[in-house]
Amino acid sequence: MATTHEASAIAESRAAPARRPMRLFRNLSAKIASLPMVLVAVVIFVGCTVWTVVHSFTNSRLLPKLEWDGLSQYERLWSTPRWYVSIENLAIFGILSMIFTLAIGFVLAALLDRKIRGEDVIRTIILYPFALSFVVTGLVWQWILNPELGLQSVVRSWGWQSFTFDPLYDADIVIYGILIAALWQGTGLIMCIMLAGLRGVDEEIWKAAKIDGIPTWKTYTHVIIPMMRPVFVTSLVLIASGIVKVYDLVIAQTGGGPGGSSEVPAKYVMDSMFAAQNLGQGFAASTMMLLSVIIILIPWAYLEFGGKKRG
Amino acid sequence: MADPASLNTLAALDPVHERTGSVGDMTGPRGRRPRRAFSRANIFLYGTLILVSVYYLLPLWVMVMTSLKGMPEIRMGNIFAPPMEVTFQPWVKAWAEACTGLNCEGLSRGFWNSVRILVPSVIVSIAVASVSGYALARWRFKGSETFFAILLIGAFIPYQVMLYPIVILLRELGLYGSLWGLVLVHTIFGMPINVLLFRNYFAAMPEELFKAARVDGAGFWRIFLQIMLPMSLPIFVVSMIIQVTGIWNDFLFGVVYTRPENYPMTVQLNNIVNSVQGVKEYNVNMAATLLTGLVPLIVYFASGKLFVRGIAAGAVKG
Amino acid sequence: MLVPNHSVRIRDLTLTYGAITVLRDLNLDIHDGEFLVLLGSSGCGKSTLLNCIAGLLEPTDGQIFIKGRNVTWLEPSERGIGMVFQSYALYPQMTVRGNLSFGLKNARMAQAEIEARVAKAARILQIEPLLDRKPAALSGGQRQRVAIGRALVRDVDVFLFDEPLSNLDAKLRADLRVEIKRLHQDLDNTMIYVTHDQVEAMTLADRIAIMRSGKVMQLGTPDEIYNRPQSKYVADFIGSPSMNFLDGHYERGTFRAEGFQIDMAGYQLGAPQVADRPAILGIRPEHVATGALVNAAPIKGEVTVDLVEPMGADTLVWAQVAGKPFRIRMDGQARVVRGDRLTIGIDPSKASMFDAKTEERL
Ligand SMILES: Nc1ncnc2c1ncn2[C@@H]1O[C@H](COP(=O)(O)OP(=O)(O)OP(=O)(O)O)[C@@H](O)[C@H]1O
Ligand SMILES: [Mg+2]
């Protein structure tokens, strides 16, 4: 198989001036080799997405069917209290994790960039949680935040009897418990990206600022951070697209509890499709997730690619 | 400004010194500025970094400590304290005896399932991605960049959007529930990042090499196998790190696309720890959690800088 | 005796990174208003020295004085220096005006004063129309002007340049070189300028310091450096095409080599008495007389042309002398071809002679 394509490629390159082969067969091996990629792009990323969006307008329940049902799935979705809880959780979780991940990631990167000893060790320590599964992360923090045996009881045993920190058992603050775990796992990555960005800053910029007598903190706020805008934007997009997908962590850490107070949209989709046998709801909810990603991506794409023309 | 330095400048103004310009007899500041080893800035810097490191290490510490304690000690004690009496019983139990529902074979089954998923998935996904990346870098054809763009944008689509249609596709192919179905899914979703990685890597290789080979009459596959591959070990390692950790850590696809007897380790772990039946054995749970985290941790610590390079390469361009 | 005021003095400067010594016991006195060029091959420590003067690197040992003030322990901004970098190092998110005024604002200077200084610098450098642009919208030459402007507004006594022109193309480099020279003439500041471009060094400098592995090999005017190099290294380093070296012996006023000897009468020895010893004779290709000029030269000889490189204004001819390649620079109009016999003339007063062992000038 391979040899015939090879032969045709050779024949093509030699015979090109005499007789142009049909367009379709030029680079034939390359096209065949790219077929999996083309299929994935077209069938999965475009096809499946369109399929889901289309079926979100049907009344599919146990099985998908193309019975048009207008916007009724969306009406039902937006009148479900559980969906509101999910959205609210995602909003709180999303905004806070963006802010904290960016802030912590940048500060840690800036500290590591101060030519310190043991940089490699510290970076390794901060990044290792990123190698772990969300399930592992969720379970560890479930254990640490266990009110009877975990952190809370330890602090109480040190003498602070009234200390209360049991986010996983308190519906009002459960999302912060998940946030702590997510930050523990995710900040390392952002720190590494920021560190790479800081390392990319021309050494002479720092020297120029020193000669101008600019204090270090002011060099960061007035010169370095504005320069790193693309790095911040990339980080933000990365964090945001991760947030929308949050699922494993919640399943492992709280299972959506207590009392459905830590539900997230991804879990709503999964439950509708695979547990409640309500496919239409799942499709509608996942289409909403897609929509939110698009809302995040468009400004980014504009900044990233539209902004290039201005240099 | 009002530091000793300005006072010492008087020495330099001394006319005798100026006139003779003699070397070595000038007093005043000389060499390195004396600095207290524990300046306030340094204490703050290292203090913060040590605190941060402790925070990041704490869960690992808790996992290890808990997994080495007996249940009685856990019930009375402090989760941060090291075990008074070390026991490996929880590890044995987590590996061989822990129950999910009626099945009590321990995590070992999930481990071997994960291995059986991991090996073909890594091989297939990297093979496909490297060839695609090579074609994109060196054999562009009409529309190839468009497909690539779609692929990259696809990386941002929430998986939930595509989950169900893929169930249907797999069912049509007769792969639903099987290990090979999951291999296919991992290949699909590992594609954007890996194709990007390989494409950029191959594109950065000297064009002359490629042109020379073409002039010599080598075709698509021969150039790939004989010229590109031998030069691209680093990127294969990076890609492998990404795929091994990513596939091992997967939970969602494992739940959706396999039957319980094929569940990967993460899914089984979650089922063991979060099962509502029976008494909670925290030490066994933590041993199981650690066991599951062990493979990516080993990959991480063994690969060192390459891991960082891999995720940075993926992330910054992603 | 009138001693010129020293603007920058460097005393016993040493800088080491662990086991690597980058600068060793370096001494340098730079006069007020002088244009000093630090010249040397890559990695010899030029930038390191400049950064030490600026306070961006801490020396391991030694002292630095600027305008008579011991600044060894002072912050860069307190030293009264301005610096211009190879990569320009402009703050990319600020306009040109912002770049020029950022340091002044930070020092809490009055707004009116800032504006006056920016306006003055912009006028001198002719960047007034660019003040509201960002660096990304400027050409390389314009960026470098802004970078110079940033040093200018600081109103300092000493300017430091670290290869400011090496990112520019040849034409712009020549233009800006002239401008820097003019700027120096107008301002009368002390300027210390790092480069590894000989032409820049020769045209700009009042004095040149040739550096090699952390030491100053020779400090002198361009004329001294070119005509009386104190070591074989300096002789070889300066001049393009580089100097011809002939191995031989110095014996009682005569240089003897394989197959010929040259009477060194007219050569100015460094010491009144020079003992006989193995020596190296250095002759610049442009100091080899040909054609009608041969008659005026005290020493004459004949060589066979090996290779001809026409370069427009002049022609470089390769021949063999004492079994080694020997370069001769001829007029561009000269018509010679391979195999021609060529009569050449040498003037010992323009040659340089070095001890074969120490490679120091005799
Ligand atoms: N942080 C460092 N650690 C060890 N050695 C260093 C360090 N920084 C510089 N050096 C060494 O110091 C020497 C001098 O460097 P410097 O930058 O001053 O050279 P330079 O003369 O400016 O060269 P160039 O013309 O290439 O700019 C070099 O050999 C370099 O390898
Ligand atoms: Mg340099």
# chains A, B, ... in the order shown; residues from 1 in each chain; ligands from 1
call {"tool": "residues_near_ligand", "arguments": {"ligand": "ligand 2", "cutoff": "12 Å", "atoms": "only C-alpha atoms and all ligand atoms", "output": "PDB file with N, CA and C atoms, in the first residue's frame"}}
result
ATOM      1  N   GLU A 204      16.902  43.226  28.850  1.00  0.00           N
ATOM      2  CA  GLU A 204      17.307  44.630  28.795  1.00  0.00           C
ATOM      3  C   GLU A 204      16.179  45.572  29.206  1.00  0.00           C
TER       4      GLU A 204
ATOM      5  N   LEU C  38      34.820  50.564  23.883  1.00  0.00           N
ATOM      6  CA  LEU C  38      35.319  49.268  24.325  1.00  0.00           C
ATOM      7  C   LEU C  38      35.162  48.312  23.160  1.00  0.00           C
ATOM      8  N   LEU C  39      36.299  47.800  22.702  1.00  0.00           N
ATOM      9  CA  LEU C  39      36.268  46.962  21.515  1.00  0.00           C
ATOM     10  C   LEU C  39      36.884  45.613  21.864  1.00  0.00           C
ATOM     11  N   GLY C  40      36.301  44.583  21.344  1.00  0.00           N
ATOM     12  CA  GLY C  40      36.858  43.264  21.614  1.00  0.00           C
ATOM     13  C   GLY C  40      35.992  42.195  20.996  1.00  0.00           C
ATOM     14  N   SER C  41      36.532  40.996  20.937  1.00  0.00           N
ATOM     15  CA  SER C  41      35.756  39.932  20.305  1.00  0.00           C
ATOM     16  C   SER C  41      34.623  39.509  21.239  1.00  0.00           C
ATOM     17  N   SER C  42      33.738  38.688  20.712  1.00  0.00           N
ATOM     18  CA  SER C  42      32.563  38.282  21.472  1.00  0.00           C
ATOM     19  C   SER C  42      32.964  37.525  22.732  1.00  0.00           C
ATOM     20  N   GLY C  43      32.323  37.876  23.831  1.00  0.00           N
ATOM     21  CA  GLY C  43      32.555  37.147  25.075  1.00  0.00           C
ATOM     22  C   GLY C  43      33.749  37.621  25.870  1.00  0.00           C
ATOM     23  N   CYS C  44      34.359  38.751  25.478  1.00  0.00           N
ATOM     24  CA  CYS C  44      35.551  39.191  26.195  1.00  0.00           C
ATOM     25  C   CYS C  44      35.208  39.997  27.447  1.00  0.00           C
ATOM     26  N   GLY C  45      33.945  40.287  27.644  1.00  0.00           N
ATOM     27  CA  GLY C  45      33.559  40.976  28.877  1.00  0.00           C
ATOM     28  C   GLY C  45      33.200  42.440  28.709  1.00  0.00           C
ATOM     29  N   LYS C  46      32.978  42.881  27.494  1.00  0.00           N
ATOM     30  CA  LYS C  46      32.640  44.290  27.273  1.00  0.00           C
ATOM     31  C   LYS C  46      31.322  44.659  27.949  1.00  0.00           C
ATOM     32  N   SER C  47      30.289  43.868  27.652  1.00  0.00           N
ATOM     33  CA  SER C  47      28.982  44.165  28.239  1.00  0.00           C
ATOM     34  C   SER C  47      29.034  44.048  29.749  1.00  0.00           C
ATOM     35  N   THR C  48      29.788  43.080  30.224  1.00  0.00           N
ATOM     36  CA  THR C  48      29.904  42.897  31.665  1.00  0.00           C
ATOM     37  C   THR C  48      30.498  44.148  32.303  1.00  0.00           C
ATOM     38  N   LEU C  49      31.547  44.665  31.697  1.00  0.00           N
ATOM     39  CA  LEU C  49      32.171  45.874  32.225  1.00  0.00           C
ATOM     40  C   LEU C  49      31.178  47.035  32.215  1.00  0.00           C
ATOM     41  N   LEU C  50      30.473  47.193  31.119  1.00  0.00           N
ATOM     42  CA  LEU C  50      29.523  48.292  31.005  1.00  0.00           C
ATOM     43  C   LEU C  50      28.415  48.156  32.050  1.00  0.00           C
ATOM     44  N   ASN C  51      27.941  46.927  32.239  1.00  0.00           N
ATOM     45  CA  ASN C  51      26.893  46.704  33.231  1.00  0.00           C
ATOM     46  C   ASN C  51      27.393  46.974  34.645  1.00  0.00           C
ATOM     47  N   PHE C  85      20.536  50.404  24.899  1.00  0.00           N
ATOM     48  CA  PHE C  85      20.756  48.968  24.737  1.00  0.00           C
ATOM     49  C   PHE C  85      20.672  48.544  23.284  1.00  0.00           C
ATOM     50  N   GLN C  86      21.254  47.379  23.034  1.00  0.00           N
ATOM     51  CA  GLN C  86      21.227  46.828  21.688  1.00  0.00           C
ATOM     52  C   GLN C  86      19.809  46.549  21.205  1.00  0.00           C
ATOM     53  N   SER C  87      18.969  46.006  22.119  1.00  0.00           N
ATOM     54  CA  SER C  87      17.607  45.664  21.705  1.00  0.00           C
ATOM     55  C   SER C  87      16.659  46.848  21.933  1.00  0.00           C
ATOM     56  N   PHE C 161      26.629  52.993  26.054  1.00  0.00           N
ATOM     57  CA  PHE C 161      25.994  52.361  24.896  1.00  0.00           C
ATOM     58  C   PHE C 161      26.463  50.917  24.789  1.00  0.00           C
ATOM     59  N   ASP C 162      25.533  49.983  24.716  1.00  0.00           N
ATOM     60  CA  ASP C 162      25.927  48.591  24.509  1.00  0.00           C
ATOM     61  C   ASP C 162      25.524  48.158  23.107  1.00  0.00           C
ATOM     62  N   GLU C 163      26.447  48.172  22.210  1.00  0.00           N
ATOM     63  CA  GLU C 163      26.215  47.813  20.804  1.00  0.00           C
ATOM     64  C   GLU C 163      24.904  48.382  20.279  1.00  0.00           C
ATOM     65  N   PRO C 164      24.735  49.696  20.353  1.00  0.00           N
ATOM     66  CA  PRO C 164      23.422  50.261  20.029  1.00  0.00           C
ATOM     67  C   PRO C 164      23.043  50.101  18.563  1.00  0.00           C
ATOM     68  N   SER C 166      23.967  47.495  16.440  1.00  0.00           N
ATOM     69  CA  SER C 166      24.189  46.215  15.756  1.00  0.00           C
ATOM     70  C   SER C 166      22.906  45.534  15.294  1.00  0.00           C
ATOM     71  N   TYR C 193      31.189  53.348  24.924  1.00  0.00           N
ATOM     72  CA  TYR C 193      30.473  52.741  23.826  1.00  0.00           C
ATOM     73  C   TYR C 193      31.052  51.365  23.546  1.00  0.00           C
ATOM     74  N   VAL C 194      30.214  50.351  23.633  1.00  0.00           N
ATOM     75  CA  VAL C 194      30.666  48.976  23.385  1.00  0.00           C
ATOM     76  C   VAL C 194      30.331  48.579  21.956  1.00  0.00           C
ATOM     77  N   THR C 195      31.295  47.993  21.294  1.00  0.00           N
ATOM     78  CA  THR C 195      31.006  47.516  19.947  1.00  0.00           C
ATOM     79  C   THR C 195      31.990  46.425  19.596  1.00  0.00           C
ATOM     80  N   HIS C 196      31.660  45.613  18.597  1.00  0.00           N
ATOM     81  CA  HIS C 196      32.750  44.814  18.059  1.00  0.00           C
ATOM     82  C   HIS C 196      32.948  45.129  16.574  1.00  0.00           C
TER      83      HIS C 196
END
call {"tool": "residues_around", "arguments": {"residues": "C:Gly149", "least_positions_apart": "2", "cutoff": "8 Å", "atoms": "only C-alpha atoms", "output": "NGL selection string"}}
result
:C and (100 or 121-122 or 125 or 145-147 or 151-153)
call {"tool": "write_last_selection", "arguments": {"atoms": "C-alpha atoms", "output": "PDB file, in the first residue's frame"}}
result
ATOM      1  CA  LEU C 100      10.883  59.276  27.678  1.00  0.00           C
ATOM      2  CA  ALA C 121      15.399  65.578  23.654  1.00  0.00           C
ATOM      3  CA  ALA C 122      12.851  65.129  20.907  1.00  0.00           C
ATOM      4  CA  LEU C 125      16.967  63.662  18.056  1.00  0.00           C
ATOM      5  CA  ARG C 145      16.744  57.308  18.612  1.00  0.00           C
ATOM      6  CA  VAL C 146      14.008  57.011  21.230  1.00  0.00           C
ATOM      7  CA  ALA C 147      16.270  54.799  23.288  1.00  0.00           C
ATOM      8  CA  ALA C 151      19.107  58.473  28.238  1.00  0.00           C
ATOM      9  CA  LEU C 152      19.140  62.109  27.143  1.00  0.00           C
ATOM     10  CA  VAL C 153      16.189  63.254  29.263  1.00  0.00           C
TER      11      VAL C 153
END
call {"tool": "closest_residue", "arguments": {"among": "A:Ala41, A:Thr287, A:Lys115, A:Phe100", "to": "ligand 1", "atoms": "only C-alpha atoms and all ligand atoms"}}
result
A:Lys115
call {"tool": "closest_residue", "arguments": {"among": "A:Gly47, A:Gly177, A:Pro215, A:Gly188", "to": "chain C", "atoms": "only C-alpha atoms"}}
result
A:Pro215
call {"tool": "select_by_dssp", "arguments": {"residues": "stretch 100-324 of chain C", "states": "strand (DSSP E or B)", "output": "PyMOL selection string"}}
result
chain C and resi 158-162+190-195+207-212+215-220+231+244-251+254-257+260-263+277-283+288-289+299-310+314-321+324
call {"tool": "closest_residue", "arguments": {"among": "B:Thr289, B:Thr266, B:Leu233, B:Arg32", "to": "chain C", "atoms": "only C-alpha atoms"}}
result
B:Arg32
call {"tool": "interface_residues", "arguments": {"of": "chain C", "to": "chain B", "cutoff": "10 Å", "atoms": "only C-alpha atoms", "output": "NGL selection string"}}
result
:C and (1-6 or 9-15 or 27 or 29 or 57-75 or 78)
call {"tool": "closest_atom_pairs", "arguments": {"of": "chain A", "to": "chain C", "cutoff": "7 Å", "atoms": "only C-alpha atoms", "output": "tab-separated table"}}
result
residue	atom	partner	partner_atom	distance
A:Glu204	CA	C:Ala89	CA	5.5
A:Ile205	CA	C:Ala89	CA	4.7
A:Lys207	CA	C:Leu56	CA	6.7
A:Ala208	CA	C:Ala89	CA	6.5
A:Lys210	CA	C:Pro76	CA	6.3
A:Ile211	CA	C:Ser77	CA	4.7
A:Asp212	CA	C:Gly103	CA	4.6
A:Gly213	CA	C:Ser77	CA	4.7
A:Ile214	CA	C:Asn106	CA	6.5
A:Val223	CA	C:Tyr91	CA	6.2
A:Pro226	CA	C:Gln93	CA	6.3
A:Met227	CA	C:Gln93	CA	6.4
A:Gly311	CA	C:Ala136	CA	6.6
call {"tool": "interface_residues", "arguments": {"of": "chain A", "to": "chain B", "cutoff": "6 Å", "atoms": "only C-alpha atoms", "output": "JSON, numbers by chain"}}
result
{"A": [6, 9, 10, 30, 34, 38, 41, 45, 48, 49, 126, 131, 132, 133, 136, 150, 154, 193, 245, 286]}
